[in-house]
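All remarks here apply to the structure that follows.
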Amino acid sequence: MKLNRTNGIIIIIAIGLFIFWWKSLPGPLFSDPNSTVIESSNGSLLGAHIAKDEQWRFPETDTLSPKYKTCLITFEDQHFYRHPGVNPFSLVRATIQNIRNQRVVSGGSTLSMQLIRLSGKGKARTVWQKLAEIFLALRLEFSYSKEKILRLYSSHAPFGGNVVGIDAASWRYFGRKSTNLSWAESATIAVLPNAPSLIYPGKRNELLLQKRNRLLDKLFAKGEIDSITWELAKLETLPERVFPIPQIAPHLLSRGLREFPGEKKRTTIDYELQKRTNNVVLHHLKNLKANKINNAAVLVMNIENGEVLAYVGNSPTNKNNEHGEQVDIVTAPRSSGSILKPFLYAGMLDDGLLLPHTLVPDIPTQIGGFSPKNFNLQYEGAVPASMALSKSLNIPAVRMLREYGTDQFQMLLKKLNFSTVNKASDHYGLSLILGGAEINLWDLAGAYASLGRILHSYEKNDGLSFENDIRPPTFIKQDYNSVETSHPAISAGSIWLTLEALLKVNRPEQEFGWDSYSSSKKIAWKTGTSFGFRDAWAVGINRDYLVAVWAGNADGEGRPGLTGTAAAAPILFDVFDLLPSEAWFTQPIDEMGQIPVCSKSGYRLGNYCEKADTIWVMKKGLNSRACPFHKIVHLDQSEEWQVTSNKVSVNEMVHKSWFVLPTVMEWYYKRKKPFYKSLPPFRNDCLGTNTKKVIDLIYPGKNNQVFIPIQLDGTPGQLILEAAHSSSSSTIYWHLDQVFLGQTNGEHKLAIRPSPGEHLLTLYDDNGNELRKTIHCFLKAVH
């Protein structure tokens, strides 16, 4: 019984000791902060940020080169693969050496024991500490493979100064990754942790050289290297200085520091394309800085998988922040300018509200207190919708948005992942299409790339669309599910028609004539310029690639000439020159149909249209409105006068189809289109006896002389014009010297500030009635 009790106690103690031994190993071994590291798609270093404790300590390495492992094991622990964590022969030898020298000259520690000591953060080297290391090293080998132990040791060993770990040491001392080191460089790295406080590159290099060469001699003696390699390796010089860590994508690194601090991530960035894109941006910034334009950003994407291939968040050399170079413009909200217009065009095509070349008004427009102007301050009168898009005309876009609806357009932008368009639609109003909202380059690139991806899916999957076709960009490789959707935010057909319209955009001045070359790349592209010349945008796509560009000043300062075409587009085309030429998108014919349209109006062919064009439209457009501008007019035999049946018999009339635009549209349209024929006037005997004026001026009345009051401060005051119309519901459009002033409804009063002298005042209404009057303006002091 006593024996059984004793055996039981021994078993319990043994179990307790085993549990204590098993639980004794801390996990994880290291909790030090790491540097944030990003790599390109092929594993090249794009950049790293120093750890929070000001140490260059890369996250644990996943690969050790055979050269370095051979050097390390030969130098530190020749029996590493044969012992269980402790080498008793080495311990006995070290003890004898230390007794003979009466000081510690050898520790006899294995790499496993050294790893335990590293995790203990420099505890005093006592006998008890050595016993603890032996105890824990044995435990370590039960949980970690030999390769894992090597990686942990190499990742946390000190290499002098504030350099920790082989990866950081390789870049700091040799300017390249550890797997690319030579035998001499690997030997140098291997001996450094032995005495990092005394020996590191640039300090006491003679001691470091002796240690390295002794290791090379040992490698040669063991047959690890041949005689030629041995001799050449000993001739290699030691590094005299530390190298800066590469910063190929500094703003992406800053983003990584926010999103995954202390981690190493392999990104989707193409290393060579990133460097070449950096050079393009630097080249253009040299020219832009002459106009005090100091910042630019570029994203390059693969359309099919949505991966970012180049990420230039600002000036690639952001050593100082004098002009906000450290700001990551890719994620910074900026005014959109007119860069969103293609989404409106595509949305209206999708809903059948528009055919590709439907004429839309480009006339003086005032909606409430909002009076949009075209960039060139001119009016086309009427312009095909596709041309309005390619020429980026503002007034047609505003009128189109009013028809489409700001609520619906904002909902479309949300579906396209514009994260910053997050206020109520009435906050933006119709200015939403002209820069009233803020967007960022990241969302913009993602939205345009999503359009291309929808076309890709349609082509590759027999007309199918998937929910994840519309998604933000990514710079970390991801897998996406393939959930089908029958209602994509924008259909493939509308996208194809939109991109076809964007192929017609004229390139920057230095590329005039580009379309005369058959080899010229097919690129659908759009620019945008925000109010006050603060933001210049350009985005372009071909079948496989997207390039998005912003140029301007990070602090929002506007500059003359800071436009999408002049500042951003040249960067865009230079970046496209770095990319391979690709075929164009396949037309999604199954979603479309062919119909005849009026060759002049772009509407569906009406009964009185004279000439038809056959075009592809969305199926919802097959039943769109017929041409409203062609009508039958009745003329006399000379075809110079309109006549009525109460004066001319129907048999004597000439019945003719005539293209008739509304009065205001016509007034501007015929100035651009000299071949436009205005409707002939009625013959005098067909006018009837009613000579009452439809429009008349109240002030100035019959007197052509008007006086401009001089205010007390000496400046000219306002002149209030007033008119009357026979119809209380009519609108009057006011012009002075053929320049549009505004429009009035109901009470027709308009304040103007004319210069002294003679002016031509012209008034129109919606029915084509016109009033012209020459006025003479004089300054007159107010008493």
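Convention: chains lettered A, B, ... in structure tokens order; per-chain residue numbering from 1; ligands numbered from 1 as shown.
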
Inset, instruction - Can you list, as a PyMOL selection string, all residues belonging to range 212-295 of chain A that DSSP tags as alpha helix (DSSP H)? - result: chain A and resi 212-221+227-235+250-259+271-288

Inset, instruction - DSSP on the backbone, then: every residue of range 635-744 of chain A marked strand (DSSP E), written as an MDAnalysis selection string. - result: chainID A and resid 635 654:659 695:699 705:710 719:725 731:736 739:744

Inset, instruction - Name the closest residue to Lys619 in chain A among the candidates A:Pro754, A:Gly352, A:Gly165, A:Gly714; distances are taken between atoms, counting only C-alpha atoms. - result: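 When distances to Lys619 in chain A are compared using only C-alpha atoms, the smallest one comes from A:Gly352.
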
If you count only C-alpha atoms, which residues fall within 8 Å of range 362-372 of chain A, apart from same-chain ones fewer than 4 positions away, as an mmCIF file with C-alpha atoms, in the first residue's frame?
data_model
loop_
_atom_site.group_PDB
_atom_site.id
_atom_site.type_symbol
_atom_site.label_atom_id
_atom_site.label_comp_id
_atom_site.auth_asym_id
_atom_site.auth_seq_id
_atom_site.Cartn_x
_atom_site.Cartn_y
_atom_site.Cartn_z
ATOM 1 C CA TYR A 379 -24.266 77.835 -76.796
ATOM 2 C CA GLU A 380 -24.844 75.238 -79.510
ATOM 3 C CA GLY A 381 -28.615 75.684 -79.525
ATOM 4 C CA ALA A 382 -29.190 71.961 -79.955
ATOM 5 C CA VAL A 383 -26.601 69.209 -79.816
ATOM 6 C CA ASN A 394 -22.656 71.635 -69.005
ATOM 7 C CA ILE A 395 -26.055 73.000 -69.973
ATOM 8 C CA PRO A 396 -27.256 69.844 -71.779
ATOM 9 C CA VAL A 398 -28.038 69.886 -66.349
ATOM 10 C CA VAL A 664 -34.434 79.942 -78.673
ATOM 11 C CA MET A 665 -32.792 76.680 -79.745
ATOM 12 C CA TYR A 668 -28.301 79.670 -81.347
ATOM 13 C CA PHE A 740 -28.079 86.002 -72.984
ATOM 14 C CA GLY A 742 -31.730 85.722 -68.310
ATOM 15 C CA GLN A 743 -35.351 84.632 -68.579
#

Inset, instruction - Would you mind reading off the distance between CA of Arg176 in chain A and CA of Gly313 in chain A, one decimal, in Å? - result: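 CA of Gly313 in chain A lies at a distance of 24.5 Å from CA of Arg176 in chain A.
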